[in-house]
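As structure tokens, the structure follows; a few thoughts come after it.
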Amino acid sequence: MEFKNLLIEMSDGVATLTVNRPQALNALNSEVLTELECALYGLEQDAGAKTVVITGAGEKAFVAGADIKEMAAMTSYEGHQFALKGQRVMLFMEKMHTPVIAAVNGFALGGGLELALGCDFIYASAKAKLGFPEVTLGIMPGFGGTQNLSRLIGPNRANEMIFTGKVITAEKALAWGIVNEVFAPEELLAKARETAAAIAGVGTLGVGYAKDAIANGLNMTKEDGFRYEASLFGVLFATADQKEGMEAFVVKRKAVFQGK
Ligand code: DAK
């Protein structure tokens with residue numbers, strides 16, 4: 001499928017999805033959000049796409065936010081629909097069994113930071129800048145930012161970022177646990193793809209169920225989470241990948257997983 005605002009490149013089981021609207025610093029308008037929803041849905045169905053890396057086109061930005069020029073004219077109803085559309089993208093990334101890594105190559109502001117937080121983890125360029133400037137525009141985060149940031153780093157730091165609108169450096173985002181690793185700008189994408197390819201090479205069913213257990217378990221009591229984990233663990237014993245992985249270990253050869 002051809003997209004107007006996205007590029008998709010496949011290699012070694014890794015799909016690199018680039019938000020490609022550099023003239024607006026890759027800002028998310030309704031069209032981009034619709035395309036992201038379609039693209040992610042397509043990648044989840046595509047057995048060849050074992051992991052996804054999301055990044056932004058150009059030198060300057062990952063995604064500089066939801067599109068302010070489009071939002072400026074929205075009615076309350078349209079604003080609500082716009083928030084629901086963005087939230088569908090973030091929630092879908094969480095529900096996908098395919099892991100999604102954000103490679104934050106520059107500004108990740110507002111909806112851009114929400115897109116990164118919707119991914120399973122974030123790698124950032126040393127020149128990345130992250131923040132939630134919504135309050136400076138008279139609004140608040142609307143694509144799940146209040147929920148995802150506070151769950152990730154706790155309410156106190158999330159409160160400070162969201163109430164002030166202050167933009168932080170990649171280094172601070174690393175110290176606060178928002179990003180997993182920081183790389184030189186020219187290394188970022190290769191490092192993200194390297195990790196994505198490593199994940200693509202292991203038992204992807206196990207990875208997908210682990211993602212499910214972590215994401216859903218966070219909303220459960222610990223005991224329910226343990227019970228949920230045990231049932232998914234049991235399901236894996238009905239798969240060819242479990243037989244292959246364990247047999248390969250026993251006979252000391254490299255496992256070849258098929259994702260079934
Ligand atoms: N939207 C639209 N266009 C944007 C944009 C954005 N978020 N960010 C940048 N652009 C455009 C600029 O307008 C400019 O376009 P032209 O004027 O050339 O046509 C072009 O990209 C280049 O930007 P600059 O000239 O400003 O570049 P600089 O290097 O000088 O500055 C900057 C870079 C990232 C510091 C600056 O562009 C900036 O401050 N951008 C806005 C960042 C921002 O405030 N982002 C948060 C947006 S609010 C909700 C749903 C969603 C959300 C909230 C609620 N519900 C419906 C409840 C989410 C909200 C947001 O994300």
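We label chains A, B, ... in the order they appear in the structure tokens, count residues from 1 in each chain, and number ligands from 1 in the order shown.
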
Legend entry - Non-local contacts of Leu174 in chain A (12 Å; only C-alpha atoms; under 3 positions in same chain excluded) as an MDAnalysis selection string: chainID A and resid 121:126 128:130 153 168:171 177:183

Inset, instruction - Per DSSP on the backbone, filter range 12-43 of chain A down to the residues in strand (DSSP E) and report them as a PyMOL selection string. - result: chain A and resi 14-19

Residues as selected, all heavy atoms, written as a compact mmCIF listing (two decimals), in the first residue's frame, can you do that?
# COMPACT_ATOMS: atom_id res chain seq x y z
N VAL A 14 12.76 -6.57 9.80
CA VAL A 14 12.50 -5.29 10.48
C VAL A 14 11.83 -4.32 9.50
O VAL A 14 12.36 -4.07 8.42
CB VAL A 14 13.82 -4.65 10.98
CG1 VAL A 14 13.55 -3.30 11.64
CG2 VAL A 14 14.55 -5.59 11.92
N ALA A 15 10.68 -3.80 9.90
CA ALA A 15 10.04 -2.77 9.08
C ALA A 15 10.39 -1.42 9.68
O ALA A 15 10.12 -1.17 10.86
CB ALA A 15 8.53 -2.97 9.09
N THR A 16 11.02 -0.56 8.89
CA THR A 16 11.28 0.80 9.36
C THR A 16 10.18 1.70 8.81
O THR A 16 10.01 1.81 7.59
CB THR A 16 12.67 1.30 8.90
OG1 THR A 16 13.64 0.37 9.36
CG2 THR A 16 12.97 2.68 9.45
N LEU A 17 9.44 2.31 9.72
CA LEU A 17 8.31 3.16 9.32
C LEU A 17 8.72 4.61 9.62
O LEU A 17 8.94 4.96 10.79
CB LEU A 17 7.10 2.72 10.15
CG LEU A 17 5.71 3.18 9.75
CD1 LEU A 17 4.67 2.34 10.47
CD2 LEU A 17 5.49 4.61 10.03
N THR A 18 8.85 5.39 8.57
CA THR A 18 9.29 6.78 8.74
C THR A 18 8.12 7.73 8.51
O THR A 18 7.49 7.69 7.44
CB THR A 18 10.43 7.11 7.73
OG1 THR A 18 11.47 6.15 7.92
CG2 THR A 18 10.98 8.50 7.93
N VAL A 19 7.85 8.57 9.50
CA VAL A 19 6.83 9.62 9.30
C VAL A 19 7.50 10.68 8.41
O VAL A 19 8.51 11.27 8.78
CB VAL A 19 6.36 10.23 10.63
CG1 VAL A 19 5.31 11.29 10.39
CG2 VAL A 19 5.82 9.14 11.55

Legend entry - Residue neighbourhood Thr34 in chain A, 9 Å, only C-alpha atoms, exclusion window fewer than 3 positions, as a ChimeraX atom specification: /A:29-31,37-39,85-86,89

For the selection you just gave me, I'd like the residues written to a file as a PDB file, in the first residue's frame, keeping all heavy atoms.
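Ended up saving to part.pdb:
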ATOM      1  N   ASN A  29      -1.141  15.166  11.418  1.00  0.00           N
ATOM      2  CA  ASN A  29      -2.500  15.626  11.121  1.00  0.00           C
ATOM      3  C   ASN A  29      -3.399  14.392  10.981  1.00  0.00           C
ATOM      4  O   ASN A  29      -2.931  13.256  11.122  1.00  0.00           O
ATOM      5  CB  ASN A  29      -2.528  16.531   9.881  1.00  0.00           C
ATOM      6  CG  ASN A  29      -2.031  15.810   8.629  1.00  0.00           C
ATOM      7  OD1 ASN A  29      -1.923  14.588   8.617  1.00  0.00           O
ATOM      8  ND2 ASN A  29      -1.716  16.564   7.594  1.00  0.00           N
ATOM      9  N   SER A  30      -4.677  14.611  10.691  1.00  0.00           N
ATOM     10  CA  SER A  30      -5.619  13.474  10.620  1.00  0.00           C
ATOM     11  C   SER A  30      -5.181  12.474   9.565  1.00  0.00           C
ATOM     12  O   SER A  30      -5.305  11.260   9.769  1.00  0.00           O
ATOM     13  CB  SER A  30      -7.021  13.950  10.258  1.00  0.00           C
ATOM     14  OG  SER A  30      -7.395  14.960  11.116  1.00  0.00           O
ATOM     15  N   GLU A  31      -4.667  12.995   8.453  1.00  0.00           N
ATOM     16  CA  GLU A  31      -4.263  12.088   7.371  1.00  0.00           C
ATOM     17  C   GLU A  31      -3.107  11.190   7.818  1.00  0.00           C
ATOM     18  O   GLU A  31      -3.107   9.985   7.553  1.00  0.00           O
ATOM     19  CB  GLU A  31      -3.860  12.934   6.153  1.00  0.00           C
ATOM     20  CG  GLU A  31      -3.600  12.119   4.911  1.00  0.00           C
ATOM     21  CD  GLU A  31      -3.258  13.009   3.720  1.00  0.00           C
ATOM     22  OE1 GLU A  31      -2.237  13.726   3.780  1.00  0.00           O
ATOM     23  OE2 GLU A  31      -4.002  12.973   2.739  1.00  0.00           O
ATOM     24  N   GLU A  37      -2.474   4.287  11.300  1.00  0.00           N
ATOM     25  CA  GLU A  37      -3.377   3.217  11.726  1.00  0.00           C
ATOM     26  C   GLU A  37      -3.386   2.091  10.691  1.00  0.00           C
ATOM     27  O   GLU A  37      -3.248   0.916  11.040  1.00  0.00           O
ATOM     28  CB  GLU A  37      -4.784   3.814  11.882  1.00  0.00           C
ATOM     29  CG  GLU A  37      -5.601   3.154  12.939  1.00  0.00           C
ATOM     30  CD  GLU A  37      -6.967   3.821  13.119  1.00  0.00           C
ATOM     31  OE1 GLU A  37      -7.174   4.982  12.689  1.00  0.00           O
ATOM     32  OE2 GLU A  37      -7.836   3.151  13.699  1.00  0.00           O
ATOM     33  N   CYS A  38      -3.501   2.471   9.405  1.00  0.00           N
ATOM     34  CA  CYS A  38      -3.534   1.458   8.329  1.00  0.00           C
ATOM     35  C   CYS A  38      -2.197   0.725   8.250  1.00  0.00           C
ATOM     36  O   CYS A  38      -2.156  -0.497   8.114  1.00  0.00           O
ATOM     37  CB  CYS A  38      -3.793   2.101   6.964  1.00  0.00           C
ATOM     38  SG  CYS A  38      -5.398   2.813   6.835  1.00  0.00           S
ATOM     39  N   ALA A  39      -1.099   1.488   8.327  1.00  0.00           N
ATOM     40  CA  ALA A  39       0.226   0.876   8.160  1.00  0.00           C
ATOM     41  C   ALA A  39       0.511  -0.101   9.294  1.00  0.00           C
ATOM     42  O   ALA A  39       0.988  -1.220   9.063  1.00  0.00           O
ATOM     43  CB  ALA A  39       1.295   1.963   8.116  1.00  0.00           C
ATOM     44  N   LYS A  85      -8.819   9.302  17.461  1.00  0.00           N
ATOM     45  CA  LYS A  85      -8.051   8.747  16.337  1.00  0.00           C
ATOM     46  C   LYS A  85      -6.595   8.513  16.759  1.00  0.00           C
ATOM     47  O   LYS A  85      -6.031   7.450  16.531  1.00  0.00           O
ATOM     48  CB  LYS A  85      -8.115   9.748  15.174  1.00  0.00           C
ATOM     49  CG  LYS A  85      -7.652   9.238  13.843  1.00  0.00           C
ATOM     50  CD  LYS A  85      -7.604  10.411  12.873  1.00  0.00           C
ATOM     51  CE  LYS A  85      -8.661  10.391  11.802  1.00  0.00           C
ATOM     52  NZ  LYS A  85      -8.427   9.411  10.747  1.00  0.00           N
ATOM     53  N   GLY A  86      -6.006   9.511  17.414  1.00  0.00           N
ATOM     54  CA  GLY A  86      -4.616   9.372  17.887  1.00  0.00           C
ATOM     55  C   GLY A  86      -4.503   8.278  18.936  1.00  0.00           C
ATOM     56  O   GLY A  86      -3.575   7.473  18.920  1.00  0.00           O
ATOM     57  N   VAL A  89      -4.275   4.805  17.566  1.00  0.00           N
ATOM     58  CA  VAL A  89      -2.927   4.437  17.088  1.00  0.00           C
ATOM     59  C   VAL A  89      -2.072   3.978  18.270  1.00  0.00           C
ATOM     60  O   VAL A  89      -1.418   2.936  18.223  1.00  0.00           O
ATOM     61  CB  VAL A  89      -2.250   5.622  16.361  1.00  0.00           C
ATOM     62  CG1 VAL A  89      -0.794   5.306  16.034  1.00  0.00           C
ATOM     63  CG2 VAL A  89      -3.020   5.988  15.101  1.00  0.00           C
TER      64      VAL A  89
END

Inset, instruction - Give as a PyMOL selection string the residues surrounding ligand 1 up to a distance of 8 Å, considering only C-alpha atoms and all ligand atoms. - result: chain A and resi 22-29+60-61+63-71+78-84+86+107+109-112+132-134+136-137+139-143

Residue selection dump (N, CA and C atoms) as a short mmCIF file (atom, residue, chain, number, x, y, z; two decimals), in the first residue's frame:
data_model
loop_
_atom_site.label_atom_id
_atom_site.label_comp_id
_atom_site.auth_asym_id
_atom_site.auth_seq_id
_atom_site.Cartn_x
_atom_site.Cartn_y
_atom_site.Cartn_z
N PRO A 22 8.47 16.24 6.44
CA PRO A 22 9.50 17.09 7.05
C PRO A 22 9.20 18.58 6.96
N GLN A 23 8.41 18.99 5.96
CA GLN A 23 8.08 20.42 5.82
C GLN A 23 7.29 20.93 7.03
N ALA A 24 6.63 20.02 7.76
CA ALA A 24 5.90 20.40 8.99
C ALA A 24 6.51 19.68 10.19
N LEU A 25 7.78 19.39 10.11
CA LEU A 25 8.49 18.64 11.18
C LEU A 25 7.72 17.38 11.58
N ASN A 26 7.15 16.74 10.54
CA ASN A 26 6.46 15.45 10.70
C ASN A 26 5.25 15.51 11.63
N ALA A 27 4.66 16.70 11.76
CA ALA A 27 3.50 16.86 12.65
C ALA A 27 2.37 15.91 12.22
N LEU A 28 1.64 15.44 13.21
CA LEU A 28 0.58 14.45 12.99
C LEU A 28 -0.74 15.15 12.70
N ASN A 29 -1.14 15.17 11.42
CA ASN A 29 -2.50 15.63 11.12
C ASN A 29 -3.40 14.39 10.98
N LYS A 60 15.75 17.16 11.70
CA LYS A 60 15.35 17.99 12.84
C LYS A 60 14.38 17.32 13.81
N ALA A 61 13.45 16.55 13.25
CA ALA A 61 12.35 16.11 14.13
C ALA A 61 12.03 14.64 13.98
N VAL A 63 8.79 13.74 15.58
CA VAL A 63 7.47 14.28 15.26
C VAL A 63 7.28 15.47 16.20
N ALA A 64 7.05 16.67 15.63
CA ALA A 64 6.97 17.88 16.47
C ALA A 64 5.58 18.10 17.05
N GLY A 65 4.76 17.07 17.08
CA GLY A 65 3.47 17.19 17.75
C GLY A 65 2.31 16.90 16.85
N ALA A 66 1.12 17.00 17.44
CA ALA A 66 -0.07 16.99 16.61
C ALA A 66 -0.05 18.28 15.79
N ASP A 67 -0.74 18.27 14.65
CA ASP A 67 -0.66 19.42 13.74
C ASP A 67 -1.46 20.60 14.30
N ILE A 68 -0.73 21.61 14.77
CA ILE A 68 -1.37 22.76 15.43
C ILE A 68 -2.25 23.52 14.43
N LYS A 69 -1.78 23.59 13.16
CA LYS A 69 -2.55 24.36 12.17
C LYS A 69 -3.89 23.69 11.90
N GLU A 70 -3.91 22.37 11.91
CA GLU A 70 -5.19 21.67 11.71
C GLU A 70 -6.06 21.78 12.97
N MET A 71 -5.41 21.65 14.15
CA MET A 71 -6.19 21.67 15.40
C MET A 71 -6.81 23.03 15.67
N GLU A 78 -14.86 17.82 16.77
CA GLU A 78 -13.72 17.39 15.94
C GLU A 78 -12.49 17.11 16.79
N GLY A 79 -12.29 17.93 17.83
CA GLY A 79 -11.15 17.72 18.74
C GLY A 79 -11.26 16.37 19.43
N HIS A 80 -12.48 16.03 19.84
CA HIS A 80 -12.71 14.74 20.50
C HIS A 80 -12.41 13.59 19.54
N GLN A 81 -12.91 13.72 18.30
CA GLN A 81 -12.67 12.67 17.30
C GLN A 81 -11.18 12.54 16.99
N PHE A 82 -10.50 13.71 16.94
CA PHE A 82 -9.06 13.72 16.65
C PHE A 82 -8.31 12.99 17.76
N ALA A 83 -8.68 13.27 19.02
CA ALA A 83 -8.02 12.60 20.15
C ALA A 83 -8.26 11.10 20.08
N LEU A 84 -9.50 10.70 19.75
CA LEU A 84 -9.80 9.26 19.69
C LEU A 84 -8.99 8.58 18.59
N GLY A 86 -6.01 9.51 17.41
CA GLY A 86 -4.62 9.37 17.89
C GLY A 86 -4.50 8.28 18.94
N PHE A 107 13.17 16.50 17.56
CA PHE A 107 12.05 16.93 18.41
C PHE A 107 10.99 15.82 18.53
N LEU A 109 7.71 16.16 20.45
CA LEU A 109 6.93 17.09 21.28
C LEU A 109 5.45 16.72 21.20
N GLY A 110 4.75 16.92 22.31
CA GLY A 110 3.31 16.68 22.32
C GLY A 110 2.95 15.32 21.75
N GLY A 111 2.13 15.33 20.70
CA GLY A 111 1.70 14.08 20.06
C GLY A 111 2.89 13.25 19.57
N GLY A 112 4.02 13.89 19.31
CA GLY A 112 5.22 13.16 18.88
C GLY A 112 5.79 12.35 20.03
N PHE A 132 6.17 18.08 26.49
CA PHE A 132 4.73 18.20 26.28
C PHE A 132 4.36 19.68 26.35
N PRO A 133 4.48 20.43 25.22
CA PRO A 133 4.19 21.87 25.26
C PRO A 133 2.71 22.22 25.19
N GLU A 134 1.82 21.23 25.30
CA GLU A 134 0.38 21.49 25.10
C GLU A 134 -0.13 22.64 25.94
N THR A 136 1.17 25.28 26.80
CA THR A 136 1.50 26.59 26.22
C THR A 136 0.55 26.94 25.08
N LEU A 137 -0.25 25.96 24.64
CA LEU A 137 -1.22 26.18 23.57
C LEU A 137 -2.65 26.20 24.13
N ILE A 139 -4.05 23.76 25.80
CA ILE A 139 -4.69 22.44 25.84
C ILE A 139 -3.87 21.51 26.75
N MET A 140 -4.13 20.24 26.65
CA MET A 140 -3.38 19.24 27.43
C MET A 140 -3.08 18.06 26.49
N PRO A 141 -2.19 17.16 26.87
CA PRO A 141 -1.93 16.00 26.00
C PRO A 141 -3.23 15.23 25.76
N GLY A 142 -3.41 14.73 24.54
CA GLY A 142 -4.68 14.07 24.21
C GLY A 142 -4.54 12.73 23.53
N PHE A 143 -3.30 12.29 23.33
CA PHE A 143 -3.10 10.97 22.71
C PHE A 143 -2.51 9.98 23.71
#

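For the residues A:Lys243, A:Lys4, A:Lys50, A:Lys95, ranking by smallest atom-to-atom distance to Ala255 in chain A using only C-alpha atoms places A:Lys243 first.
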
Inset, instruction - Using only C-alpha atoms, pick whichever of A:Thr221, A:Ser231, A:Asn105, A:Asn216 has the shortest atom-to-atom distance to Glu59 in chain A. - result: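 Smallest distance to Glu59 in chain A is found for A:Asn105.
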
Inset, instruction - Enumerate the residues of range 94-182 of chain A with a DSSP assignment of alpha helix (DSSP H), computed from the backbone, and present them as a PyMOL selection string. - result: chain A and resi 94-95+111-118+145-153+155-164+170-175

Inset, instruction - Show which residues sit within 10 Å of Gly145 in chain A, as a ChimeraX atom specification. Count only C-alpha atoms, and ignore same-chain residues fewer than 6 positions away. - result: /A:87,90,110-118,132,151,158,162

Would you write out, as a Markdown table, a table of all residues in range 112-208 of chain A that have an atom no more than 12 Å from an atom of range 237-241 of chain A, listing for each the closest atom pair and the distance in Å to one decimal, considering only C-alpha atoms and ordering rows by chain and rising residue number?
| residue | atom | partner | partner_atom | distance |
| --- | --- | --- | --- | --- |
| A:Gly201 | CA | A:Asp241 | CA | 11.9 |
| A:Val202 | CA | A:Asp241 | CA | 9.5 |
| A:Gly203 | CA | A:Asp241 | CA | 6.4 |
| A:Thr204 | CA | A:Asp241 | CA | 8.6 |
| A:Leu205 | CA | A:Asp241 | CA | 7.5 |
| A:Gly206 | CA | A:Asp241 | CA | 8.5 |
| A:Val207 | CA | A:Asp241 | CA | 11.4 |
